[in-house]
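Okay, structure first, notes after.
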Amino acid sequence: MALSSKARPYLLVAALVLVVAGVLVVKMPGPPEVTPQAVPESPATTTPAVVDAEGGDGAGDPYYPQDGNTGYDVRGYDVSISYDPATRRLDGKALITAVATDGLSRFNLDLYELEVSEVAVGDRPAEFRQEGDHELVITPADPLAEGGEFVVAVTYGGVPTLFEDRALGRSGWQVSASGGAFAAGEPHSATTWFPANDTPRDKASFTLAARVPDGWSVVSNGAEGETTHADGWSTYRWDAPQPMATYLTTVAIDKWTIDRTTLADGTPVVNAFAPGVSRAPEDRDRLPEVLAFLASEFGPYPFESAGGIFLADDIGFSLETQTRPVYAGWADLETVVHENAHQWFGNSVTLRSWADICLNECFASYAQWLWAEEKDGADLDADYRAEVARTGDSTQYWNRKLYDMGRGNEFRGVYDKGQLAVHALRRQIGDESFGEVLRTWIARHRDGNASWPEFEAHVEQVSGQELDGFFAAWFRADAIPSDQHLWPGTLRK
Ligand SMILES: [Zn+2]
């Protein structure tokens with residue numbers, strides 16, 4: 001994610017730092033409820049275990065404990081929606097294939113505001129109720145056996161809305177100035193348009209069929225499928241087979257101008273431009289160059305399709321939605337570099353908890369520095385020294401923690417201080433080791449999840465250096481690092 005420059009009250013925009021964090025005030029809901037978790041059954045009996053566990057209503061993120069659920073693991077979402085821009089009404093049916101990780105008499109999905117009319121598990125209708133902010137509680141006719149795969153079908157509808165009270169401001173389903181609509185947002189957004197296990201820890205494949213009145217068109221994640229027309233409506237199909245976190249799903253409805261091309265290896269690229277988007281033609285064609293550069297730094301591009309969704313609206317953020325980022329009207333080439341770096345850092349390798357956000361943003365932001373070094377001949381050590389000189393006396397700058405920064409603070413320091421921290425790490429362990437750290441990290445955790453502490457251990461293992469003091473000073477502390485850690489390697493005065 002990259003934030004709009006309008007959100008930044010106190011920092012000057014440095015030559016290379018187009019994306020820096022502002023102070024964002026966040027309204028927080030009350031303390032989370034404590035949820036009793038299912039008790040594991042006792043092992044090894046000769047009779048079948050009694051199936052009476054109930055899935056939990058939160059996946060356990062320390063900052064967003066009610067997001068997601070426990071008791072099952074989603075393998076795939078197959079979502080069909082029908083949306084009419086004239087009425088803003090959405091009707092949907094989601095087929096969710098999952099595996100029970102426990103014997104379940106009951107389980108939850110997450111869905112925000114929309115009304116559920118029917119639920120089936122397998123071929124039998126299931127009881128359901130909608131509770132609180134976003135819980136859909138489902139009681140299947142027959143309990144689910146541990147380890148068994150099941151399909152839950154949810155029919156739902158209503159006028160989708162957005163979250164206003166999260167770290168990013170507006171997040172989720174939004175109506176565009178053109179009258180179209182799109183869904184994007186972090187850490188939430190998916191549940192404003194389909195029922196999901198809304199935690200980044202449960203990645204799954206995603207297939208969409210979206211029906212809109214003729215004249216409108218639909219762009220989403222993954223590869224384009226067949227478009228069909230009937231009765232004045234068109235149905236667009238998209239298929240993203242590789243595991244994806246729910247916050248990285250997107251749908252965008254507008255009167256798109258589509259550019260199609262391929263990467264050197266044949267990977268299809270689909271760029272969609274909303275009416276009114278003005279982008280210089282030379283910028284429009286540079287995604288293959290950007291992805292080739294990032295692949296040279298991080299390893300092969302991790303997905304089977306690529307592209308971008310370029311909105312005309314100046315929304316507050318651009319977001320790295322998987323394979324096809326959503327760009328605000330203000331996005332520039334550097335934003336394209338940032339959001340595509342996330343395809344490796346955040347999307348292929350997804351954080352385990354939101355406290356790990358530096359794994360996404362520090363590296364996507366540092367990719368902008370790498371790009372500037374390669375393409376513009378930037379002297380990164382000089383830029384680093386200039387930034388430290390400019391900010392050295394600023395408590396506000398240095399007191400932003402990069403790891404476990406607390407709910408609502410996730411996006412405060414990771415963009416600008418995060419760039420300095422990663423550059424210091426590179427100088428600390430040397431270029432060769434730094435490149436190996438990044439490439440082996442991505443290869444090792446491809447299509448999975450990983451945490452910041454795991455990254456620290458990985459760096460120590462690859463570099464052979466003991467770095468507890470370095471990581472404490474840069475990522476866990478709330479003050480400027482001591483000279484020893486502030487000026488490593490070639491930065492040493
Ligand atoms: Zn980002």
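In the structure tokens, chains take the letters A, B, ... in the order shown, each chain's residues start at 1, and ligands count up from 1 in the order shown.
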
Expected selection as a compact mmCIF listing (two decimals) with C-alpha atoms, in the first residue's frame for ligand 1 within 10 Å, only C-alpha atoms and all ligand atoms:
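The resulting file, part33.txt, is reproduced below:
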```txt
# COMPACT_ATOMS: atom_id res chain seq x y z
CA MET A 1 0.00 0.00 0.00
CA ALA A 2 1.08 3.56 -0.68
CA LEU A 3 -0.62 6.49 1.01
CA VAL A 19 5.69 7.92 -0.15
CA PHE A 317 -4.18 4.99 -1.00
CA SER A 318 -3.02 2.67 -3.74
CA LEU A 319 -3.07 -1.03 -2.84
CA GLU A 320 -1.13 -4.07 -4.02
CA THR A 335 3.85 3.82 -6.97
CA VAL A 337 7.27 -0.04 -8.45
CA HIS A 338 6.06 -0.03 -4.83
CA GLU A 339 2.82 -1.97 -5.39
CA ASN A 340 4.48 -4.53 -7.61
CA ALA A 341 7.30 -5.11 -5.10
CA HIS A 342 4.46 -6.20 -2.82
CA PHE A 345 6.74 -8.92 -0.18
CA GLY A 346 3.21 -9.22 1.14
CA ILE A 357 3.64 -5.06 8.43
CA CYS A 358 7.26 -3.99 7.90
CA LEU A 359 7.71 -7.23 5.94
CA ASN A 360 5.36 -5.64 3.42
CA GLU A 361 5.98 -1.93 3.55
CA CYS A 362 9.64 -1.55 4.50
CA PHE A 363 10.62 -3.71 1.52
CA ALA A 364 8.14 -2.30 -1.00
CA SER A 365 9.38 1.17 -0.01
CA PHE A 411 1.46 2.55 8.58
CA VAL A 414 7.24 1.78 7.65
CA TYR A 415 7.42 3.94 4.51
```

>> Env of Gly158 (chain A): 9 Å cut, atoms = only C-alpha atoms, seq-sep filter 4 positions within chain, self excluded. Answer as a ChimeraX atom specification.
In response: /A:88-91,113-116

>> Can you measure CA of Asp416 (chain A) to CA of Leu311 (chain A) for me? One decimal in Å is fine.
In response: 25.1 Å

> Could you pull out all residues of region 200-439 of chain A with a DSSP call of alpha helix (DSSP H) and give them as a VMD selection string?
Replying inline: chain A and resid 281 to 284 287 to 298 333 to 341 358 to 376 380 to 391 395 to 398 417 to 429 431 to 439

> From the set A:Val349, A:Phe150, A:Tyr83, A:Asp356, which residue has the shortest atom-to-atom contact distance to Ser217 (chain A), counting only C-alpha atoms?
Replying inline: A:Tyr83

Shell of 12 Å around Thr87 (chain A), only C-alpha atoms, local chain residues under 3 positions omitted, as a short mmCIF file (atom, residue, chain, number, x, y, z; two decimals) with N, CA and C atoms, in the first residue's frame:
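Wrote it out as out.cif, contents follow:
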```
data_model
loop_
_atom_site.label_atom_id
_atom_site.label_comp_id
_atom_site.auth_asym_id
_atom_site.auth_seq_id
_atom_site.Cartn_x
_atom_site.Cartn_y
_atom_site.Cartn_z
N SER A 82 -23.79 -10.00 -8.90
CA SER A 82 -24.50 -9.20 -9.89
C SER A 82 -24.60 -7.80 -9.29
N TYR A 83 -24.16 -6.78 -10.04
CA TYR A 83 -24.16 -5.43 -9.47
C TYR A 83 -24.71 -4.45 -10.50
N ASP A 84 -25.64 -3.63 -10.04
CA ASP A 84 -26.22 -2.61 -10.92
C ASP A 84 -25.80 -1.23 -10.42
N LEU A 90 -26.00 -5.05 -4.78
CA LEU A 90 -25.20 -6.22 -5.13
C LEU A 90 -25.94 -7.47 -4.66
N ASP A 91 -26.03 -8.47 -5.53
CA ASP A 91 -26.53 -9.78 -5.13
C ASP A 91 -25.44 -10.79 -5.41
N GLY A 158 -27.54 -6.87 -0.95
CA GLY A 158 -27.73 -5.58 -0.28
C GLY A 158 -26.92 -4.50 -0.96
N VAL A 159 -26.86 -3.35 -0.32
CA VAL A 159 -26.05 -2.25 -0.83
C VAL A 159 -24.73 -2.26 -0.05
N PRO A 160 -23.64 -2.62 -0.71
CA PRO A 160 -22.37 -2.72 0.02
C PRO A 160 -21.93 -1.36 0.53
N VAL A 175 -18.02 3.61 -4.15
CA VAL A 175 -18.59 4.03 -5.43
C VAL A 175 -17.66 5.08 -6.04
N GLY A 179 -19.54 6.57 -11.24
CA GLY A 179 -20.74 5.77 -11.01
C GLY A 179 -20.44 4.29 -10.91
N GLY A 180 -19.24 3.89 -11.26
CA GLY A 180 -18.82 2.50 -11.06
C GLY A 180 -18.53 2.25 -9.60
N ALA A 181 -17.82 1.18 -9.32
CA ALA A 181 -17.52 0.83 -7.93
C ALA A 181 -16.27 -0.03 -7.91
N VAL A 212 -22.78 -7.38 -14.79
CA VAL A 212 -23.08 -5.94 -14.76
C VAL A 212 -23.88 -5.58 -16.00
N PRO A 213 -24.63 -4.47 -15.97
CA PRO A 213 -25.37 -4.07 -17.17
C PRO A 213 -24.41 -3.81 -18.34
#
```

>> Would you pick out the contacts of Leu248 (chain A) at 8 Å or less, using only C-alpha atoms, so that residues sharing its chain but fewer than 2 positions from it are not included, and give the list as a list in words?
In response: Ala184, Met244, Ala245, Thr246, Thr250, Glu320, Thr321, Gln322 and Asn347 of chain A

Atoms to include: C-alpha atoms. Write the selected residues as a PDB file, in the first residue's frame.
```
ATOM      1  CA  ALA A 184      -9.970  -2.455  -1.893  1.00  0.00           C
ATOM      2  CA  MET A 244      -4.306 -15.147  -1.852  1.00  0.00           C
ATOM      3  CA  ALA A 245      -5.078 -13.341   1.412  1.00  0.00           C
ATOM      4  CA  THR A 246      -8.623 -11.941   1.482  1.00  0.00           C
ATOM      5  CA  THR A 250     -10.418  -6.793  -5.530  1.00  0.00           C
ATOM      6  CA  GLU A 320      -1.134  -4.074  -4.016  1.00  0.00           C
ATOM      7  CA  THR A 321      -4.198  -6.235  -4.744  1.00  0.00           C
ATOM      8  CA  GLN A 322      -2.810  -9.552  -5.944  1.00  0.00           C
ATOM      9  CA  ASN A 347       1.384 -11.223  -1.490  1.00  0.00           C
TER      10      ASN A 347
END
```

Would you list the contacts of Ser353 (chain A) as a PDB file with C-alpha atoms, in the first residue's frame, taking every protein, DNA or RNA residue within 9 Å and counting only C-alpha atoms, but skipping same-chain residues closer than 5 positions in sequence?
```
ATOM      1  CA  GLY A  60      -6.272 -14.434  16.842  1.00  0.00           C
ATOM      2  CA  ASP A  61      -4.400 -11.501  15.341  1.00  0.00           C
ATOM      3  CA  PRO A  62      -3.206  -9.464  18.337  1.00  0.00           C
ATOM      4  CA  TYR A  63      -4.496  -6.194  16.785  1.00  0.00           C
ATOM      5  CA  TYR A  64      -7.677  -7.509  15.104  1.00  0.00           C
ATOM      6  CA  THR A 199      -7.589 -13.267   8.019  1.00  0.00           C
ATOM      7  CA  PRO A 200      -4.321 -13.111   6.061  1.00  0.00           C
ATOM      8  CA  ARG A 201      -3.397 -16.430   7.694  1.00  0.00           C
ATOM      9  CA  ALA A 450       5.821 -15.568   7.695  1.00  0.00           C
ATOM     10  CA  SER A 451       6.504 -13.255  10.645  1.00  0.00           C
ATOM     11  CA  TRP A 452       9.021 -10.508  11.375  1.00  0.00           C
TER      12      TRP A 452
END
```

>> Give me, as JSON, numbers by chain, all polymer residues having an atom no more than 10 Å from Ser296 (chain A), counting only C-alpha atoms and skipping those fewer than 5 positions away in the same chain.
In response: {"A": [290, 291, 301, 435, 439]}

> For Ser205 (chain A), which residue out of A:Val270, A:Ile429, A:Val437, A:Ile96 is the nearest one, using only C-alpha atoms?
Replying inline: A:Ile96

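If you look at CA of Asn197 (chain A) and CA of Asp404 (chain A), they are 23.3 Å away from each other.
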
>> Please list as a VMD selection string every residue within 9 Å of Ser463 (chain A), counting only C-alpha atoms and excluding residues in the same chain fewer than 4 positions away.
In response: chain A and resid 429 to 430 433 to 434 436 to 437 458 to 459

Any chance you can output those residues with N, CA and C atoms as a PDB file, in the first residue's frame?
```
ATOM      1  N   ILE A 429      25.130  -6.051   6.348  1.00  0.00           N
ATOM      2  CA  ILE A 429      25.483  -7.431   5.969  1.00  0.00           C
ATOM      3  C   ILE A 429      26.157  -7.501   4.602  1.00  0.00           C
ATOM      4  N   GLY A 430      26.174  -6.402   3.861  1.00  0.00           N
ATOM      5  CA  GLY A 430      26.835  -6.371   2.552  1.00  0.00           C
ATOM      6  C   GLY A 430      25.882  -6.744   1.426  1.00  0.00           C
ATOM      7  N   SER A 433      25.206 -10.648   0.589  1.00  0.00           N
ATOM      8  CA  SER A 433      24.388 -11.289   1.605  1.00  0.00           C
ATOM      9  C   SER A 433      22.951 -10.742   1.560  1.00  0.00           C
ATOM     10  N   PHE A 434      22.827  -9.445   1.358  1.00  0.00           N
ATOM     11  CA  PHE A 434      21.505  -8.798   1.312  1.00  0.00           C
ATOM     12  C   PHE A 434      20.664  -9.392   0.172  1.00  0.00           C
ATOM     13  N   GLU A 436      21.019 -12.279  -1.230  1.00  0.00           N
ATOM     14  CA  GLU A 436      20.699 -13.677  -0.932  1.00  0.00           C
ATOM     15  C   GLU A 436      19.596 -13.762   0.119  1.00  0.00           C
ATOM     16  N   VAL A 437      19.656 -12.874   1.106  1.00  0.00           N
ATOM     17  CA  VAL A 437      18.607 -12.833   2.139  1.00  0.00           C
ATOM     18  C   VAL A 437      17.233 -12.652   1.487  1.00  0.00           C
ATOM     19  N   HIS A 458      16.152 -15.455   9.879  1.00  0.00           N
ATOM     20  CA  HIS A 458      16.606 -15.781   8.524  1.00  0.00           C
ATOM     21  C   HIS A 458      17.824 -14.939   8.138  1.00  0.00           C
ATOM     22  N   VAL A 459      17.793 -13.664   8.438  1.00  0.00           N
ATOM     23  CA  VAL A 459      18.927 -12.786   8.108  1.00  0.00           C
ATOM     24  C   VAL A 459      20.182 -13.235   8.850  1.00  0.00           C
TER      25      VAL A 459
END
```

> For Asp383 (chain A), which residue among A:Leu420, A:Ala196, A:Ala86, A:Val326 is the nearest when counting only C-alpha atoms?
Replying inline: A:Leu420

>> I'd like to know which residues of region 262-459 of chain A are strand (DSSP E or B) (by DSSP, run on the backbone); could you write them as a ChimeraX atom specification?
In response: /A:262,268-273,306-310,317-319,326-327,345,349-351,448-450

>> Would you compute the distance between CA of Pro275 (chain A) and CA of Phe310 (chain A)? Give it in Å to one decimal.
In response: 9.4 Å

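The smallest atom-to-atom distance between Val79 (chain A) and any of A:Leu351, A:Ala240, A:Ala292, A:Leu402, using only C-alpha atoms, is found for A:Ala240.
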